[in-house]
Amino acid sequence: MRGTPLARSLSLVVALAALLALAGCVQLGWDDRSLYVQLGEKPGIDQLVDRFIRELARDERIRGHFQGIDIRRLREQLAFYLCERSGGPCRYEGAPLREVHRHLGVSEADFNALVEDLIDAMEGLDVPTPTQNELLALLAPEQVEIVEPRRAWWR
Amino acid sequence: MAERGPARARAALFVASLAVAILAAPGLVRAGSGGKLLATDGATQLEGSGGGGLVPWAMITGNETEDGVGASAFATGIFVDDYQLSSFGAAVGLFDRIELSFAHQRFEIQSLDQRIDQNVYGVKLRAFGDLVYGKLPVVSAGMQVKHNLDFELPEALGARDDWGIDAYLSVSRVFLDAVAGRNLLVNANLRMTRANETGLLGFGGDKDDDYRPVFEGSAALFLTRRIALGYEYRQKTSGLDAAGEDDWQDVFVAFVPSHHVKIVASYVRLGNIAGSDRQDGAYLSLQGSF
């Protein structure tokens with residue numbers, strides 16, 4: 001670890017830059033295709049939705065929220081929603097998310113569990129990390145629509 | 001002198017675990033079931049607050065959200081040319097709002113065969129915001145109350161007090177899909193402090209006895225959801241004529257195998273410490289949390 005301070009800082013910066021560049025290129029981070037195409041268009045999205053619903057059904061933290069709902073309809077609406085939001089030629093015609101989730105009492109923890117199930121589904125289908133993150137970035141703003149407002153002033 | 005340290009440490013750890021047990025046992029609150037997204041509770045920094053390695057972050061420690069009580073415990077070692085710093089402790093995160101922490105530090109000066117112990121009691125309040133969601137970043141205010149248990153050497157160097165309080169404001173945010181499709185965590189702190197070398201060399205001094213503002217910053221890029229690469233910077237100032245000090249920096253790799261374990265390894269550059277130049281070396285930290 002000896003050497004002039006300048007040489008050492010430079011080698012540090014170079015090493016860091018190399019690692020970042022590697023991270024960016026290894027999985028072709030610069031994928032400029034639309035998210036819809038990256039997800040495999042309609043067949044890819046349908047597959048993702050199936051896998052996602054399977055993860056949700058297995059997740060003891062939140063499976064209770066899905067008891068007694070029409071799974072076929074959920075699958076269909078979710079696929080339309082993801083297709084439209086990712087830039088595909090579909091139309092989500094269901095109610096706005098805030099309305100759909102009103103009175104369901106979705107907590108922060110519930111929402112995070114759902115996000116982790118979505119990530120698990122994407123991991124299971126070998127969706128590249130940058131594509132995963134692009135979808136998460138697209139959906140993250142919906143969190144405030146879905147999660148129940150905080151219940152007590154002191155929380 | 002140094003015997004007091006471990007005794008106090010054990011007492012504080014006992015109180016912390018008791019608090020967790022009392023809150024969690026009767027099922028008054030959710031505990032242990034998790035709730036935060038993987039890695040979004042952060043690791044533990046060397047003074048025991050939830051954070052990176054060298055600096056606190058604005059998030060509340062532990063895996064729980066507004067509905068529960070989480071907790072974490074950590075052990076950290078810093079190994080540089082002439083010194084060694086070990087730190088261990090525990091913290092609770094109450095309803096993702098308040099963090100209470102304790103850390104016991106041992107600073108070993110190899111050439112003098114001497115050691116300086118310090119206890120740090122921390123509190124952090126999350127004011128508003130969220131790390132990932134909503135429009136606002138998470139913003140917290142915190143305090144670290146530090147008690148130097150071996151004050152002879154710091155006093156001989158010109159330090160005034162064997163205890164002191166650091167106060168800080170912290171802002172943290174994760175930007176999804178920010179760089180090469182990766183998620184980027186950014187953190188900035190403003191700290192007011194009279195501490196010399198974070199308190200290990202006492203508080204205040206013959207050169208400058210006042211509170212001094214210092215800046216701290218971190219950036220971490222998640223290559224995958226379990227592995228992050230990052231950089232930290234901690235500005236430092238000294239109140240001592242006899243011992244100047246330098247800003248601290250590190251580059252780190254963090255590995256998050258599960259919701260309950262974080263492993264951080266870094267290369268640290270601590271500059272001049274108590275007259276010994278260019279203190280470079282390794283930082284290793286392990287955190288367990290629920």
# chains A, B, ... in the order shown; residues from 1 in each chain; ligands from 1
>>> interface_residues(of="chain B", to="chain A", cutoff="8 Å", atoms="only C-alpha atoms", output="list of chain:residue names")
B:Gly34, B:Gly35, B:Lys36, B:Leu37, B:Glu64, B:Thr65, B:Glu66, B:Phe95, B:Asp96, B:Arg97, B:Val132, B:Tyr133, B:Gly134, B:Leu176, B:Asp177, B:Val179, B:Ala180, B:Gly181, B:Arg182, B:Asn183, B:Leu223, B:Thr224, B:Asp280
>>> residues_around(residues="Ser87 of chain B", least_positions_apart="3", cutoff="10 Å", atoms="only C-alpha atoms", output="number ranges by chain")
B: 45-48, 74-78, 103-107, 117-120, 285
>>> residues_around(residues="Gly124 of chain A", least_positions_apart="5", cutoff="10 Å", atoms="only C-alpha atoms", output="MDAnalysis selection string")
chainID A and resid 48 51:52 118:119
>>> residues_around(residues="Leu97 of chain A", least_positions_apart="2", cutoff="8 Å", atoms="only C-alpha atoms", output="PDB file with N, CA and C atoms, in the first residue's frame")
ATOM      1  N   ALA A  95     -59.712  -0.118 -13.037  1.00  0.00           N
ATOM      2  CA  ALA A  95     -59.785   1.102 -12.228  1.00  0.00           C
ATOM      3  C   ALA A  95     -58.376   1.542 -11.844  1.00  0.00           C
ATOM      4  N   GLU A  99     -57.868   3.288  -6.407  1.00  0.00           N
ATOM      5  CA  GLU A  99     -59.226   2.797  -6.165  1.00  0.00           C
ATOM      6  C   GLU A  99     -59.239   1.297  -5.892  1.00  0.00           C
ATOM      7  N   VAL A 100     -58.450   0.578  -6.688  1.00  0.00           N
ATOM      8  CA  VAL A 100     -58.407  -0.877  -6.552  1.00  0.00           C
ATOM      9  C   VAL A 100     -57.975  -1.290  -5.148  1.00  0.00           C
ATOM     10  N   HIS A 101     -57.039  -0.515  -4.567  1.00  0.00           N
ATOM     11  CA  HIS A 101     -56.468  -0.929  -3.289  1.00  0.00           C
ATOM     12  C   HIS A 101     -57.080  -0.241  -2.085  1.00  0.00           C
ATOM     13  N   GLU A 142     -46.027   4.241  -7.787  1.00  0.00           N
ATOM     14  CA  GLU A 142     -47.378   3.775  -7.450  1.00  0.00           C
ATOM     15  C   GLU A 142     -47.494   3.408  -5.975  1.00  0.00           C
ATOM     16  N   GLU A 145     -49.838   5.270  -3.966  1.00  0.00           N
ATOM     17  CA  GLU A 145     -51.250   5.076  -4.332  1.00  0.00           C
ATOM     18  C   GLU A 145     -51.813   3.828  -3.659  1.00  0.00           C
ATOM     19  N   ILE A 146     -50.939   2.878  -3.378  1.00  0.00           N
ATOM     20  CA  ILE A 146     -51.391   1.555  -2.957  1.00  0.00           C
ATOM     21  C   ILE A 146     -51.347   1.375  -1.446  1.00  0.00           C
TER      22      ILE A 146
END
>>> closest_residue(among="A:Asp117, A:Glu148, A:Asp32, A:Glu93", to="Asp50 of chain A", atoms="only C-alpha atoms")
A:Asp117
>>> select_by_dssp(residues="segment 17-151 of chain A", states="helix (DSSP H, G or I)", output="CSV table (one decimal) with N, CA and C atoms, in the first residue's frame")
chain,number,residue,atom,x,y,z
A,17,ALA,N,-13.3,2.8,-11.4
A,17,ALA,CA,-13.9,3.0,-12.7
A,17,ALA,C,-14.0,1.7,-13.5
A,18,ALA,N,-13.0,0.9,-13.4
A,18,ALA,CA,-12.9,-0.3,-14.1
A,18,ALA,C,-14.1,-1.2,-13.7
A,19,LEU,N,-14.3,-1.3,-12.3
A,19,LEU,CA,-15.3,-2.1,-11.8
A,19,LEU,C,-16.7,-1.6,-12.3
A,20,LEU,N,-16.9,-0.3,-12.2
A,20,LEU,CA,-18.2,0.2,-12.7
A,20,LEU,C,-18.4,-0.1,-14.1
A,21,ALA,N,-17.4,0.1,-14.9
A,21,ALA,CA,-17.5,-0.2,-16.4
A,21,ALA,C,-17.9,-1.6,-16.6
A,22,LEU,N,-17.2,-2.5,-15.8
A,22,LEU,CA,-17.5,-3.9,-15.9
A,22,LEU,C,-19.0,-4.2,-15.6
A,23,ALA,N,-19.4,-3.6,-14.5
A,23,ALA,CA,-20.8,-3.8,-14.0
A,23,ALA,C,-21.7,-3.3,-15.1
A,24,GLY,N,-21.4,-2.2,-15.8
A,24,GLY,CA,-22.3,-1.7,-16.8
A,24,GLY,C,-22.4,-2.6,-18.1
A,25,CYS,N,-21.3,-3.2,-18.4
A,25,CYS,CA,-21.2,-3.9,-19.7
A,25,CYS,C,-21.5,-5.4,-19.6
A,26,VAL,N,-21.2,-6.0,-18.5
A,26,VAL,CA,-21.3,-7.4,-18.4
A,26,VAL,C,-22.7,-7.9,-18.9
A,35,LEU,N,-38.8,-1.0,-22.7
A,35,LEU,CA,-38.9,-2.0,-21.6
A,35,LEU,C,-39.8,-3.2,-22.1
A,36,TYR,N,-40.8,-2.8,-22.9
A,36,TYR,CA,-41.8,-3.8,-23.4
A,36,TYR,C,-41.0,-4.9,-24.1
A,37,VAL,N,-40.1,-4.5,-25.0
A,37,VAL,CA,-39.3,-5.5,-25.8
A,37,VAL,C,-38.4,-6.2,-24.9
A,38,GLN,N,-37.7,-5.5,-23.9
A,38,GLN,CA,-36.8,-6.2,-23.0
A,38,GLN,C,-37.5,-7.3,-22.2
A,41,GLU,N,-42.0,-8.8,-24.8
A,41,GLU,CA,-43.3,-8.4,-25.3
A,41,GLU,C,-44.4,-9.2,-24.6
A,42,LYS,N,-45.5,-9.4,-25.3
A,42,LYS,CA,-46.7,-9.9,-24.6
A,42,LYS,C,-46.5,-11.3,-24.0
A,43,PRO,N,-45.8,-12.2,-24.8
A,43,PRO,CA,-45.6,-13.6,-24.2
A,43,PRO,C,-44.7,-13.5,-22.9
A,44,GLY,N,-43.6,-12.6,-23.0
A,44,GLY,CA,-42.7,-12.5,-21.9
A,44,GLY,C,-43.5,-11.9,-20.7
A,45,ILE,N,-44.3,-11.0,-20.9
A,45,ILE,CA,-45.1,-10.3,-19.8
A,45,ILE,C,-46.0,-11.3,-19.2
A,46,ASP,N,-46.7,-12.1,-20.1
A,46,ASP,CA,-47.7,-13.1,-19.5
A,46,ASP,C,-46.9,-14.1,-18.7
A,47,GLN,N,-45.7,-14.5,-19.1
A,47,GLN,CA,-44.9,-15.5,-18.3
A,47,GLN,C,-44.5,-14.9,-17.0
A,48,LEU,N,-44.1,-13.6,-17.0
A,48,LEU,CA,-43.7,-12.9,-15.8
A,48,LEU,C,-44.9,-12.8,-14.8
A,49,VAL,N,-46.1,-12.5,-15.4
A,49,VAL,CA,-47.2,-12.4,-14.5
A,49,VAL,C,-47.6,-13.7,-13.9
A,50,ASP,N,-47.5,-14.8,-14.6
A,50,ASP,CA,-47.8,-16.1,-14.1
A,50,ASP,C,-46.8,-16.4,-12.9
A,51,ARG,N,-45.6,-16.2,-13.2
A,51,ARG,CA,-44.6,-16.5,-12.2
A,51,ARG,C,-44.7,-15.6,-10.9
A,52,PHE,N,-45.1,-14.4,-11.2
A,52,PHE,CA,-45.3,-13.4,-10.1
A,52,PHE,C,-46.4,-13.8,-9.2
A,53,ILE,N,-47.5,-14.3,-9.9
A,53,ILE,CA,-48.7,-14.7,-9.1
A,53,ILE,C,-48.4,-16.0,-8.3
A,54,ARG,N,-47.6,-16.8,-8.9
A,54,ARG,CA,-47.1,-18.0,-8.2
A,54,ARG,C,-46.3,-17.6,-6.9
A,55,GLU,N,-45.4,-16.6,-7.1
A,55,GLU,CA,-44.7,-16.2,-5.9
A,55,GLU,C,-45.6,-15.6,-4.8
A,56,LEU,N,-46.6,-14.8,-5.3
A,56,LEU,CA,-47.5,-14.2,-4.3
A,56,LEU,C,-48.3,-15.2,-3.5
A,57,ALA,N,-48.7,-16.3,-4.3
A,57,ALA,CA,-49.5,-17.3,-3.6
A,57,ALA,C,-48.7,-18.1,-2.6
A,58,ARG,N,-47.4,-18.1,-2.8
A,58,ARG,CA,-46.5,-18.9,-1.9
A,58,ARG,C,-46.1,-18.0,-0.7
A,63,ARG,N,-50.2,-13.6,1.3
A,63,ARG,CA,-51.1,-14.4,0.5
A,63,ARG,C,-52.5,-14.1,1.0
A,64,GLY,N,-52.7,-13.8,2.3
A,64,GLY,CA,-54.0,-13.5,2.8
A,64,GLY,C,-54.8,-12.4,2.1
A,65,HIS,N,-54.0,-11.5,1.5
A,65,HIS,CA,-54.7,-10.4,0.8
A,65,HIS,C,-55.3,-10.9,-0.5
A,66,PHE,N,-54.9,-12.1,-1.0
A,66,PHE,CA,-55.4,-12.5,-2.2
A,66,PHE,C,-56.5,-13.6,-2.1
A,71,ILE,N,-58.5,-14.9,-9.5
A,71,ILE,CA,-57.1,-14.9,-10.0
A,71,ILE,C,-57.0,-14.7,-11.5
A,72,ARG,N,-58.0,-15.3,-12.2
A,72,ARG,CA,-57.9,-15.2,-13.7
A,72,ARG,C,-57.9,-13.7,-14.1
A,73,ARG,N,-58.8,-13.0,-13.4
A,73,ARG,CA,-59.0,-11.6,-13.7
A,73,ARG,C,-57.7,-10.8,-13.3
A,74,LEU,N,-57.2,-11.1,-12.1
A,74,LEU,CA,-56.0,-10.4,-11.7
A,74,LEU,C,-54.9,-10.6,-12.7
A,75,ARG,N,-54.7,-11.9,-13.1
A,75,ARG,CA,-53.6,-12.2,-14.1
A,75,ARG,C,-53.8,-11.3,-15.4
A,76,GLU,N,-55.1,-11.3,-15.8
A,76,GLU,CA,-55.4,-10.6,-17.1
A,76,GLU,C,-55.1,-9.1,-16.9
A,77,GLN,N,-55.6,-8.5,-15.8
A,77,GLN,CA,-55.5,-7.0,-15.6
A,77,GLN,C,-54.0,-6.7,-15.4
A,78,LEU,N,-53.3,-7.5,-14.6
A,78,LEU,CA,-51.9,-7.2,-14.4
A,78,LEU,C,-51.1,-7.3,-15.7
A,79,ALA,N,-51.4,-8.2,-16.5
A,79,ALA,CA,-50.6,-8.3,-17.8
A,79,ALA,C,-50.9,-7.1,-18.7
A,80,PHE,N,-52.2,-6.7,-18.7
A,80,PHE,CA,-52.5,-5.5,-19.5
A,80,PHE,C,-51.8,-4.2,-18.9
A,81,TYR,N,-51.8,-4.2,-17.6
A,81,TYR,CA,-51.2,-3.0,-16.9
A,81,TYR,C,-49.7,-2.9,-17.2
A,82,LEU,N,-49.0,-4.1,-17.0
A,82,LEU,CA,-47.6,-4.1,-17.3
A,82,LEU,C,-47.3,-3.8,-18.7
A,83,CYS,N,-48.1,-4.4,-19.6
A,83,CYS,CA,-47.9,-4.2,-21.0
A,83,CYS,C,-48.0,-2.7,-21.4
A,84,GLU,N,-49.0,-2.1,-20.9
A,84,GLU,CA,-49.2,-0.6,-21.2
A,84,GLU,C,-48.1,0.2,-20.6
A,85,ARG,N,-47.8,0.0,-19.3
A,85,ARG,CA,-46.8,0.8,-18.6
A,85,ARG,C,-45.4,0.6,-19.2
A,97,LEU,N,-55.1,2.4,-9.7
A,97,LEU,CA,-54.6,1.6,-8.6
A,97,LEU,C,-55.1,2.1,-7.2
A,98,ARG,N,-55.2,3.4,-7.1
A,98,ARG,CA,-55.6,3.9,-5.7
A,98,ARG,C,-57.0,3.3,-5.4
A,99,GLU,N,-57.9,3.3,-6.4
A,99,GLU,CA,-59.2,2.8,-6.2
A,99,GLU,C,-59.2,1.3,-5.9
A,100,VAL,N,-58.4,0.6,-6.7
A,100,VAL,CA,-58.4,-0.9,-6.6
A,100,VAL,C,-58.0,-1.3,-5.1
A,101,HIS,N,-57.0,-0.5,-4.6
A,101,HIS,CA,-56.5,-0.9,-3.3
A,101,HIS,C,-57.1,-0.2,-2.1
A,108,GLU,N,-46.9,-0.8,4.3
A,108,GLU,CA,-45.5,-0.7,3.7
A,108,GLU,C,-44.9,-2.1,3.6
A,109,ALA,N,-45.0,-2.9,4.6
A,109,ALA,CA,-44.4,-4.2,4.6
A,109,ALA,C,-45.0,-5.1,3.6
A,110,ASP,N,-46.3,-5.0,3.4
A,110,ASP,CA,-47.0,-5.8,2.4
A,110,ASP,C,-46.5,-5.4,1.0
A,111,PHE,N,-46.4,-4.1,0.8
A,111,PHE,CA,-46.0,-3.7,-0.5
A,111,PHE,C,-44.6,-4.1,-0.8
A,112,ASN,N,-43.7,-4.0,0.2
A,112,ASN,CA,-42.3,-4.5,0.0
A,112,ASN,C,-42.2,-6.0,-0.3
A,113,ALA,N,-43.1,-6.7,0.4
A,113,ALA,CA,-43.1,-8.2,0.2
A,113,ALA,C,-43.5,-8.4,-1.3
A,114,LEU,N,-44.5,-7.7,-1.8
A,114,LEU,CA,-44.9,-7.8,-3.1
A,114,LEU,C,-43.8,-7.5,-4.1
A,115,VAL,N,-43.1,-6.4,-3.8
A,115,VAL,CA,-42.0,-6.0,-4.7
A,115,VAL,C,-40.9,-7.1,-4.7
A,116,GLU,N,-40.6,-7.7,-3.5
A,116,GLU,CA,-39.6,-8.8,-3.5
A,116,GLU,C,-40.1,-10.0,-4.3
A,117,ASP,N,-41.4,-10.3,-4.2
A,117,ASP,CA,-41.9,-11.4,-5.0
A,117,ASP,C,-41.8,-11.1,-6.5
A,118,LEU,N,-42.0,-9.9,-6.9
A,118,LEU,CA,-41.8,-9.5,-8.3
A,118,LEU,C,-40.4,-9.7,-8.7
A,119,ILE,N,-39.5,-9.2,-7.8
A,119,ILE,CA,-38.0,-9.4,-8.1
A,119,ILE,C,-37.7,-10.9,-8.2
A,120,ASP,N,-38.2,-11.7,-7.3
A,120,ASP,CA,-38.0,-13.1,-7.3
A,120,ASP,C,-38.5,-13.7,-8.6
A,121,ALA,N,-39.6,-13.3,-9.1
A,121,ALA,CA,-40.2,-13.8,-10.3
A,121,ALA,C,-39.3,-13.5,-11.5
A,122,MET,N,-38.8,-12.2,-11.5
A,122,MET,CA,-37.9,-11.8,-12.6
A,122,MET,C,-36.5,-12.5,-12.5
A,123,GLU,N,-36.0,-12.7,-11.3
A,123,GLU,CA,-34.8,-13.5,-11.2
A,123,GLU,C,-35.0,-14.9,-11.7
A,124,GLY,N,-36.2,-15.5,-11.4
A,124,GLY,CA,-36.5,-16.8,-11.8
A,124,GLY,C,-36.5,-17.0,-13.3
A,129,THR,N,-30.6,-7.6,-14.6
A,129,THR,CA,-30.8,-6.6,-13.5
A,129,THR,C,-31.2,-5.2,-14.0
A,130,PRO,N,-30.6,-4.7,-15.1
A,130,PRO,CA,-31.0,-3.4,-15.6
A,130,PRO,C,-32.5,-3.4,-16.0
A,131,THR,N,-32.9,-4.4,-16.6
A,131,THR,CA,-34.4,-4.5,-17.0
A,131,THR,C,-35.2,-4.6,-15.8
A,132,GLN,N,-34.8,-5.4,-14.8
A,132,GLN,CA,-35.6,-5.4,-13.5
A,132,GLN,C,-35.7,-4.0,-12.9
A,133,ASN,N,-34.6,-3.3,-12.9
A,133,ASN,CA,-34.6,-2.0,-12.2
A,133,ASN,C,-35.4,-1.0,-13.0
A,134,GLU,N,-35.4,-1.1,-14.3
A,134,GLU,CA,-36.2,-0.2,-15.1
A,134,GLU,C,-37.7,-0.4,-14.8
A,135,LEU,N,-38.1,-1.6,-14.7
A,135,LEU,CA,-39.5,-1.9,-14.3
A,135,LEU,C,-39.8,-1.4,-12.9
A,136,LEU,N,-38.9,-1.6,-12.0
A,136,LEU,CA,-39.1,-1.2,-10.6
A,136,LEU,C,-39.2,0.3,-10.5
A,137,ALA,N,-38.3,1.0,-11.3
A,137,ALA,CA,-38.3,2.5,-11.3
A,137,ALA,C,-39.7,3.0,-11.8
A,138,LEU,N,-40.2,2.2,-12.8
A,138,LEU,CA,-41.5,2.6,-13.4
A,138,LEU,C,-42.6,2.5,-12.4
A,139,LEU,N,-42.6,1.4,-11.6
A,139,LEU,CA,-43.7,1.1,-10.7
A,139,LEU,C,-43.6,1.7,-9.4
A,140,ALA,N,-42.4,2.1,-9.0
A,140,ALA,CA,-42.2,2.7,-7.6
A,140,ALA,C,-43.1,3.8,-7.2
A,141,PRO,N,-43.3,4.8,-8.2
A,141,PRO,CA,-44.2,5.9,-7.8
A,141,PRO,C,-45.6,5.5,-7.4
A,142,GLU,N,-46.0,4.2,-7.8
A,142,GLU,CA,-47.4,3.8,-7.5
A,142,GLU,C,-47.5,3.4,-6.0
A,143,GLN,N,-46.4,3.3,-5.3
A,143,GLN,CA,-46.4,2.8,-3.9
A,143,GLN,C,-47.3,3.7,-3.1
A,144,VAL,N,-47.2,5.0,-3.3
A,144,VAL,CA,-48.0,6.0,-2.5
A,144,VAL,C,-49.5,5.8,-2.8
A,145,GLU,N,-49.8,5.3,-4.0
A,145,GLU,CA,-51.2,5.1,-4.3
A,145,GLU,C,-51.8,3.8,-3.7
A,146,ILE,N,-50.9,2.9,-3.4
A,146,ILE,CA,-51.4,1.6,-3.0
A,146,ILE,C,-51.3,1.4,-1.4
>>> closest_residue(among="B:Lys236, B:Lys135, B:Arg160, B:His260", to="Thr198 of chain B", atoms="only C-alpha atoms")
B:Lys236
>>> select_by_dssp(residues="segment 12-130 of chain B", states="strand (DSSP E)", output="PyMOL selection string")
chain B and resi 43-44+50-51+69-80+83-94+98-109+114-128
>>> write_last_selection(atoms="C-alpha atoms", output="PDB file, in the first residue's frame")
ATOM      1  CA  ALA B  43     -25.283  -1.610   7.708  1.00  0.00           C
ATOM      2  CA  THR B  44     -23.918  -0.158  10.959  1.00  0.00           C
ATOM      3  CA  GLY B  50     -27.356   2.684  11.144  1.00  0.00           C
ATOM      4  CA  GLY B  51     -25.353   3.689   8.106  1.00  0.00           C
ATOM      5  CA  VAL B  69     -39.656  -2.957  16.124  1.00  0.00           C
ATOM      6  CA  GLY B  70     -36.466  -4.104  14.470  1.00  0.00           C
ATOM      7  CA  ALA B  71     -32.964  -4.431  15.793  1.00  0.00           C
ATOM      8  CA  SER B  72     -29.394  -4.996  14.729  1.00  0.00           C
ATOM      9  CA  ALA B  73     -26.039  -5.897  16.223  1.00  0.00           C
ATOM     10  CA  PHE B  74     -22.627  -5.402  14.686  1.00  0.00           C
ATOM     11  CA  ALA B  75     -18.912  -5.938  15.006  1.00  0.00           C
ATOM     12  CA  THR B  76     -16.346  -3.923  13.068  1.00  0.00           C
ATOM     13  CA  GLY B  77     -12.575  -3.926  12.830  1.00  0.00           C
ATOM     14  CA  ILE B  78     -10.364  -1.317  11.193  1.00  0.00           C
ATOM     15  CA  PHE B  79      -6.765  -2.280  10.656  1.00  0.00           C
ATOM     16  CA  VAL B  80      -4.335   0.438   9.528  1.00  0.00           C
ATOM     17  CA  TYR B  83      -3.507   1.533  14.822  1.00  0.00           C
ATOM     18  CA  GLN B  84      -6.402  -0.805  15.195  1.00  0.00           C
ATOM     19  CA  LEU B  85      -9.980   0.171  15.988  1.00  0.00           C
ATOM     20  CA  SER B  86     -12.575  -2.357  16.970  1.00  0.00           C
ATOM     21  CA  SER B  87     -16.177  -1.506  17.597  1.00  0.00           C
ATOM     22  CA  PHE B  88     -19.216  -3.541  18.507  1.00  0.00           C
ATOM     23  CA  GLY B  89     -22.724  -2.825  19.654  1.00  0.00           C
ATOM     24  CA  ALA B  90     -26.438  -3.067  19.065  1.00  0.00           C
ATOM     25  CA  ALA B  91     -29.348  -0.886  18.087  1.00  0.00           C
ATOM     26  CA  VAL B  92     -33.127  -0.974  18.000  1.00  0.00           C
ATOM     27  CA  GLY B  93     -35.320   0.651  15.376  1.00  0.00           C
ATOM     28  CA  LEU B  94     -38.734   1.632  16.704  1.00  0.00           C
ATOM     29  CA  ILE B  98     -36.553   6.210  16.195  1.00  0.00           C
ATOM     30  CA  GLU B  99     -33.231   4.442  16.398  1.00  0.00           C
ATOM     31  CA  LEU B 100     -31.443   3.892  19.718  1.00  0.00           C
ATOM     32  CA  SER B 101     -27.919   2.570  19.538  1.00  0.00           C
ATOM     33  CA  PHE B 102     -24.927   1.688  21.629  1.00  0.00           C
ATOM     34  CA  ALA B 103     -21.369   1.007  20.559  1.00  0.00           C
ATOM     35  CA  HIS B 104     -18.217   0.223  22.456  1.00  0.00           C
ATOM     36  CA  GLN B 105     -14.994   1.154  20.703  1.00  0.00           C
ATOM     37  CA  ARG B 106     -11.439   0.140  21.409  1.00  0.00           C
ATOM     38  CA  PHE B 107      -8.635   2.088  19.775  1.00  0.00           C
ATOM     39  CA  GLU B 108      -5.253   0.415  19.984  1.00  0.00           C
ATOM     40  CA  ILE B 109      -2.001   2.285  19.486  1.00  0.00           C
ATOM     41  CA  GLN B 114      -1.778   1.604  24.717  1.00  0.00           C
ATOM     42  CA  ARG B 115      -5.496   1.521  24.193  1.00  0.00           C
ATOM     43  CA  ILE B 116      -8.321   4.010  24.434  1.00  0.00           C
ATOM     44  CA  ASP B 117     -11.893   2.834  24.963  1.00  0.00           C
ATOM     45  CA  GLN B 118     -14.979   4.843  24.155  1.00  0.00           C
ATOM     46  CA  ASN B 119     -18.730   4.325  24.512  1.00  0.00           C
ATOM     47  CA  VAL B 120     -21.157   5.891  22.071  1.00  0.00           C
ATOM     48  CA  TYR B 121     -24.864   6.225  22.824  1.00  0.00           C
ATOM     49  CA  GLY B 122     -26.831   7.176  19.744  1.00  0.00           C
ATOM     50  CA  VAL B 123     -30.328   8.355  18.965  1.00  0.00           C
ATOM     51  CA  LYS B 124     -31.685   9.051  15.517  1.00  0.00           C
ATOM     52  CA  LEU B 125     -35.111  10.408  14.607  1.00  0.00           C
ATOM     53  CA  ARG B 126     -36.491   9.996  11.121  1.00  0.00           C
ATOM     54  CA  ALA B 127     -38.195  13.304  10.399  1.00  0.00           C
ATOM     55  CA  PHE B 128     -39.864  12.472   7.084  1.00  0.00           C
TER      56      PHE B 128
END
>>> closest_residue(among="B:Val253, B:Leu112, B:Ala282, B:Leu153", to="Gly202 of chain B", atoms="only C-alpha atoms")
B:Leu153
>>> closest_residue(among="B:Ala195, B:Val268, B:Leu136, B:Val55", to="Gln249 of chain B", atoms="only C-alpha atoms")
B:Val268
